[in-house]
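Input: a single structure, listed below in structure tokens.
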Amino acid sequence: MTELRVGGASVGFDEAKTWAYDYLANDKIVSAYPAYDGYPGSPTPSLGPQDLLAPALLNVSQNPVPAYYGLEALMGPLNDRLEALPAEADLATAGSDTISHLVNLFGVLDEQPTKYVKLVTLSKVLHRKRPKLIPLFDAHIYWCYTLRPEAPLPEQRGRSRGEYRTAWLTAVQKDLHSQLEQWHEIAGIAPGPQITPLRALDIIGWELGKRRM
């Protein structure tokens with residue numbers, strides 16, 4: 001049986017497709033798809049004010065108003081750094097320079113700390129602007145890559161946020177590239193709007209983390 005891996009967690013491919021169907025195409029189950037993935041947002045490759053509301057469609061923040069204002073305060077430096085990342089850039093084939101640009105993009109959080117905006121919220125905003133390149137992050141993904149036994153990035157004292165993000169992005173890239181055919185198949189379950197293989201990885205990682213498999 002083919003196993004699909006996200007960090008240190010794995011699930012049989014057929015079961016993963018069932019999870020994805022329930023999330024993406026089962027109209028008897030309410031999920032964030034298509035609300036998050038189909039939310040119009042700004043029509044440009046840069047962030048606009050309307051993009052800042054997208055995390056609420058993934059139930060990310062219980063403080064949407066301060067989170068909105070926090071994101072708004074970061075829009076200038078975020079857009080400056082987004083310009084270095086082409087709209088069609090793909091994490092599966094990204095080089096080290098692109099990984100460094102992503103780490104620099106996330107680094108805005110450290111340079112201008114904002115109480116209600118952490119990587120979880122920011123990644124939900126940025127993924128929609130570069131859906132092939134910027135992965136989503138949350139507690140379930142963190143479990144897959146760091147907390148689960150045999151996870152590739154166990155907690156390490158003294159490691160900086162930038163060092164962790166570099167290692168995490170590299171680990172996600174490995175899981176994406178090495179199983180790209182399977183991620184494409186899962187992404188293809190979405191009836192519309194389309195999602196990317198990277199979003200498919202997030203959906204399965206979220207389910208693995210939720211179920212602690």
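Here, A, B, ... name the chains of the structure tokens in the order displayed, residue numbers run from 1 inside each chain, and ligands are numbered from 1 in the same displayed order.
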
Query - Neighbour list for segment 87-102 of chain A as an MDAnalysis selection string, cut-off 7 Å, only C-alpha atoms, skip fewer than 4 positions in-chain - result: chainID A and resid 45 106 130 132:133 166 173 176:177

Query raised in the report: Can you list, as a PyMOL selection string, every protein, DNA or RNA residue that comes within 7 Å of Pro152 of chain A when you count only C-alpha atoms, leaving out same-chain residues fewer than 3 positions away?
Result: chain A and resi 7-8+145-146

Requested in this report: Give me, please, the distance in Å between atom CA of Ile186 of chain A and atom CA of Ala171 of chain A, quoted to one decimal.
Outcome: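 A separation of 19.7 Å between them.
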
Which of chain A counts as alpha helix (DSSP H) under DSSP, as a PDB file with C-alpha atoms, in the first residue's frame please?
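That gives us selection.pdb:
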```
ATOM      1  CA  PHE A  13      -2.857   6.940  -0.017  1.00  0.00           C
ATOM      2  CA  ASP A  14      -6.382   5.579  -0.440  1.00  0.00           C
ATOM      3  CA  GLU A  15      -7.360   6.799   3.034  1.00  0.00           C
ATOM      4  CA  ALA A  16      -5.786  10.191   2.313  1.00  0.00           C
ATOM      5  CA  LYS A  17      -7.943  10.493  -0.801  1.00  0.00           C
ATOM      6  CA  THR A  18     -11.031   9.762   1.301  1.00  0.00           C
ATOM      7  CA  TRP A  19     -10.053  12.539   3.710  1.00  0.00           C
ATOM      8  CA  ALA A  20      -9.501  14.900   0.813  1.00  0.00           C
ATOM      9  CA  TYR A  21     -12.854  14.010  -0.766  1.00  0.00           C
ATOM     10  CA  ASP A  22     -14.638  14.740   2.510  1.00  0.00           C
ATOM     11  CA  TYR A  23     -12.849  18.073   2.842  1.00  0.00           C
ATOM     12  CA  LEU A  24     -13.120  19.156  -0.787  1.00  0.00           C
ATOM     13  CA  ALA A  35     -14.697  29.431   1.210  1.00  0.00           C
ATOM     14  CA  TYR A  36     -10.975  30.018   1.799  1.00  0.00           C
ATOM     15  CA  ASP A  37      -9.680  28.844  -1.563  1.00  0.00           C
ATOM     16  CA  GLY A  38     -12.362  30.637  -3.552  1.00  0.00           C
ATOM     17  CA  PRO A  64     -10.131  39.092  13.812  1.00  0.00           C
ATOM     18  CA  VAL A  65     -10.188  42.862  14.288  1.00  0.00           C
ATOM     19  CA  PRO A  66      -6.774  43.278  15.985  1.00  0.00           C
ATOM     20  CA  ALA A  67      -5.365  40.617  13.650  1.00  0.00           C
ATOM     21  CA  TYR A  68      -6.603  42.643  10.665  1.00  0.00           C
ATOM     22  CA  TYR A  69      -4.970  45.820  11.944  1.00  0.00           C
ATOM     23  CA  GLY A  70      -1.779  43.923  12.737  1.00  0.00           C
ATOM     24  CA  LEU A  71      -1.616  42.530   9.215  1.00  0.00           C
ATOM     25  CA  GLU A  72      -2.423  45.942   7.784  1.00  0.00           C
ATOM     26  CA  ALA A  73       0.598  47.400   9.598  1.00  0.00           C
ATOM     27  CA  LEU A  74       2.813  44.744   7.976  1.00  0.00           C
ATOM     28  CA  MET A  75       1.508  45.133   4.418  1.00  0.00           C
ATOM     29  CA  GLY A  76       4.250  47.505   3.256  1.00  0.00           C
ATOM     30  CA  PRO A  77       7.268  45.301   4.071  1.00  0.00           C
ATOM     31  CA  LEU A  78       5.374  42.150   3.117  1.00  0.00           C
ATOM     32  CA  ASN A  79       4.594  43.484  -0.351  1.00  0.00           C
ATOM     33  CA  ASP A  80       8.169  44.687  -0.797  1.00  0.00           C
ATOM     34  CA  ARG A  81       9.383  41.141  -0.158  1.00  0.00           C
ATOM     35  CA  LEU A  82       6.618  39.448  -2.125  1.00  0.00           C
ATOM     36  CA  SER A  96      18.067  27.867  -2.011  1.00  0.00           C
ATOM     37  CA  ASP A  97      17.751  31.548  -2.977  1.00  0.00           C
ATOM     38  CA  THR A  98      13.961  31.239  -3.095  1.00  0.00           C
ATOM     39  CA  ILE A  99      13.923  29.468   0.271  1.00  0.00           C
ATOM     40  CA  SER A 100      15.991  32.339   1.676  1.00  0.00           C
ATOM     41  CA  HIS A 101      13.510  34.854   0.244  1.00  0.00           C
ATOM     42  CA  LEU A 102      10.664  32.995   1.948  1.00  0.00           C
ATOM     43  CA  VAL A 103      12.477  33.019   5.276  1.00  0.00           C
ATOM     44  CA  ASN A 104      13.086  36.746   4.802  1.00  0.00           C
ATOM     45  CA  LEU A 105       9.393  37.225   4.044  1.00  0.00           C
ATOM     46  CA  PHE A 106       8.363  35.463   7.262  1.00  0.00           C
ATOM     47  CA  VAL A 108       8.792  40.503   9.024  1.00  0.00           C
ATOM     48  CA  LEU A 109       7.124  38.923  12.058  1.00  0.00           C
ATOM     49  CA  ASP A 110      10.362  39.212  14.035  1.00  0.00           C
ATOM     50  CA  GLU A 111      11.270  42.694  12.838  1.00  0.00           C
ATOM     51  CA  LEU A 119       3.148  32.523  11.418  1.00  0.00           C
ATOM     52  CA  VAL A 120      -0.173  30.650  11.541  1.00  0.00           C
ATOM     53  CA  THR A 121      -2.149  33.733  10.518  1.00  0.00           C
ATOM     54  CA  LEU A 122       0.457  35.146   8.164  1.00  0.00           C
ATOM     55  CA  SER A 123       0.889  31.900   6.233  1.00  0.00           C
ATOM     56  CA  LYS A 124      -2.868  31.778   5.596  1.00  0.00           C
ATOM     57  CA  VAL A 125      -2.711  35.235   4.034  1.00  0.00           C
ATOM     58  CA  LEU A 126       0.445  34.655   2.003  1.00  0.00           C
ATOM     59  CA  HIS A 127      -0.416  31.198   0.647  1.00  0.00           C
ATOM     60  CA  ALA A 139      -0.424  23.478  15.229  1.00  0.00           C
ATOM     61  CA  HIS A 140      -1.233  20.291  13.286  1.00  0.00           C
ATOM     62  CA  ILE A 141       1.497  20.909  10.722  1.00  0.00           C
ATOM     63  CA  TYR A 142       3.892  21.713  13.581  1.00  0.00           C
ATOM     64  CA  ARG A 161      12.986  31.198  14.262  1.00  0.00           C
ATOM     65  CA  GLY A 162      14.758  31.805  10.965  1.00  0.00           C
ATOM     66  CA  GLU A 163      16.728  28.556  11.290  1.00  0.00           C
ATOM     67  CA  TYR A 164      13.549  26.645  12.085  1.00  0.00           C
ATOM     68  CA  ARG A 165      11.677  28.158   9.152  1.00  0.00           C
ATOM     69  CA  THR A 166      14.516  27.316   6.777  1.00  0.00           C
ATOM     70  CA  ALA A 167      14.557  23.710   7.951  1.00  0.00           C
ATOM     71  CA  TRP A 168      10.754  23.474   7.873  1.00  0.00           C
ATOM     72  CA  LEU A 169      10.476  24.856   4.343  1.00  0.00           C
ATOM     73  CA  THR A 170      13.172  22.426   3.186  1.00  0.00           C
ATOM     74  CA  ALA A 171      11.349  19.499   4.812  1.00  0.00           C
ATOM     75  CA  VAL A 172       8.032  20.501   3.235  1.00  0.00           C
ATOM     76  CA  GLN A 173       9.772  20.813  -0.123  1.00  0.00           C
ATOM     77  CA  LYS A 174      11.123  17.278   0.226  1.00  0.00           C
ATOM     78  CA  ASP A 175       7.668  15.868   1.027  1.00  0.00           C
ATOM     79  CA  LEU A 176       6.122  17.835  -1.833  1.00  0.00           C
ATOM     80  CA  HIS A 177       8.679  16.978  -4.508  1.00  0.00           C
ATOM     81  CA  SER A 178       9.115  13.303  -3.627  1.00  0.00           C
ATOM     82  CA  LEU A 180       4.311  15.204  -6.314  1.00  0.00           C
ATOM     83  CA  GLU A 181       2.245  12.810  -8.431  1.00  0.00           C
ATOM     84  CA  GLN A 182       0.133  11.842  -5.416  1.00  0.00           C
ATOM     85  CA  TRP A 183      -0.325  15.469  -4.333  1.00  0.00           C
ATOM     86  CA  HIS A 184      -1.482  16.362  -7.852  1.00  0.00           C
ATOM     87  CA  GLU A 185      -4.026  13.546  -7.701  1.00  0.00           C
ATOM     88  CA  ILE A 186      -5.377  14.753  -4.369  1.00  0.00           C
ATOM     89  CA  ALA A 187      -5.505  18.360  -5.599  1.00  0.00           C
ATOM     90  CA  PRO A 197      -0.386  20.223  -4.578  1.00  0.00           C
ATOM     91  CA  LEU A 198       0.986  22.343  -1.722  1.00  0.00           C
ATOM     92  CA  ARG A 199      -2.525  23.016  -0.464  1.00  0.00           C
ATOM     93  CA  ALA A 200      -3.275  19.292  -0.799  1.00  0.00           C
ATOM     94  CA  LEU A 201      -0.265  18.561   1.426  1.00  0.00           C
ATOM     95  CA  ASP A 202      -1.629  20.988   4.001  1.00  0.00           C
ATOM     96  CA  ILE A 203      -5.051  19.320   4.018  1.00  0.00           C
ATOM     97  CA  ILE A 204      -3.577  15.874   4.657  1.00  0.00           C
ATOM     98  CA  GLY A 205      -1.069  17.231   7.176  1.00  0.00           C
ATOM     99  CA  TRP A 206      -3.902  18.952   9.020  1.00  0.00           C
ATOM    100  CA  GLU A 207      -5.876  15.713   9.168  1.00  0.00           C
ATOM    101  CA  LEU A 208      -2.822  13.728  10.328  1.00  0.00           C
ATOM    102  CA  GLY A 209      -2.138  16.264  13.069  1.00  0.00           C
ATOM    103  CA  LYS A 210      -5.765  16.406  14.151  1.00  0.00           C
ATOM    104  CA  ARG A 211      -5.907  12.626  14.410  1.00  0.00           C
TER     105      ARG A 211
END
```

Report task. Pick out each residue of chain A that DSSP on the backbone tags as strand (DSSP E); I need them as a ChimeraX atom specification. Result -> /A:3-6,9-12

Output C-alpha atoms of each residue in that selection to a file, as a PDB file, in the first residue's frame.
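For reference, again.pdb as written:
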```
ATOM      1  CA  GLU A   3       1.953   5.641   2.078  1.00  0.00           C
ATOM      2  CA  LEU A   4       1.658   9.411   1.914  1.00  0.00           C
ATOM      3  CA  ARG A   5       4.048  11.222   4.227  1.00  0.00           C
ATOM      4  CA  VAL A   6       3.901  14.652   5.865  1.00  0.00           C
ATOM      5  CA  ALA A   9       3.424  11.251   9.994  1.00  0.00           C
ATOM      6  CA  SER A  10       1.978   9.068   7.259  1.00  0.00           C
ATOM      7  CA  VAL A  11      -1.279   7.609   6.003  1.00  0.00           C
ATOM      8  CA  GLY A  12      -2.268   5.174   3.295  1.00  0.00           C
TER       9      GLY A  12
END
```
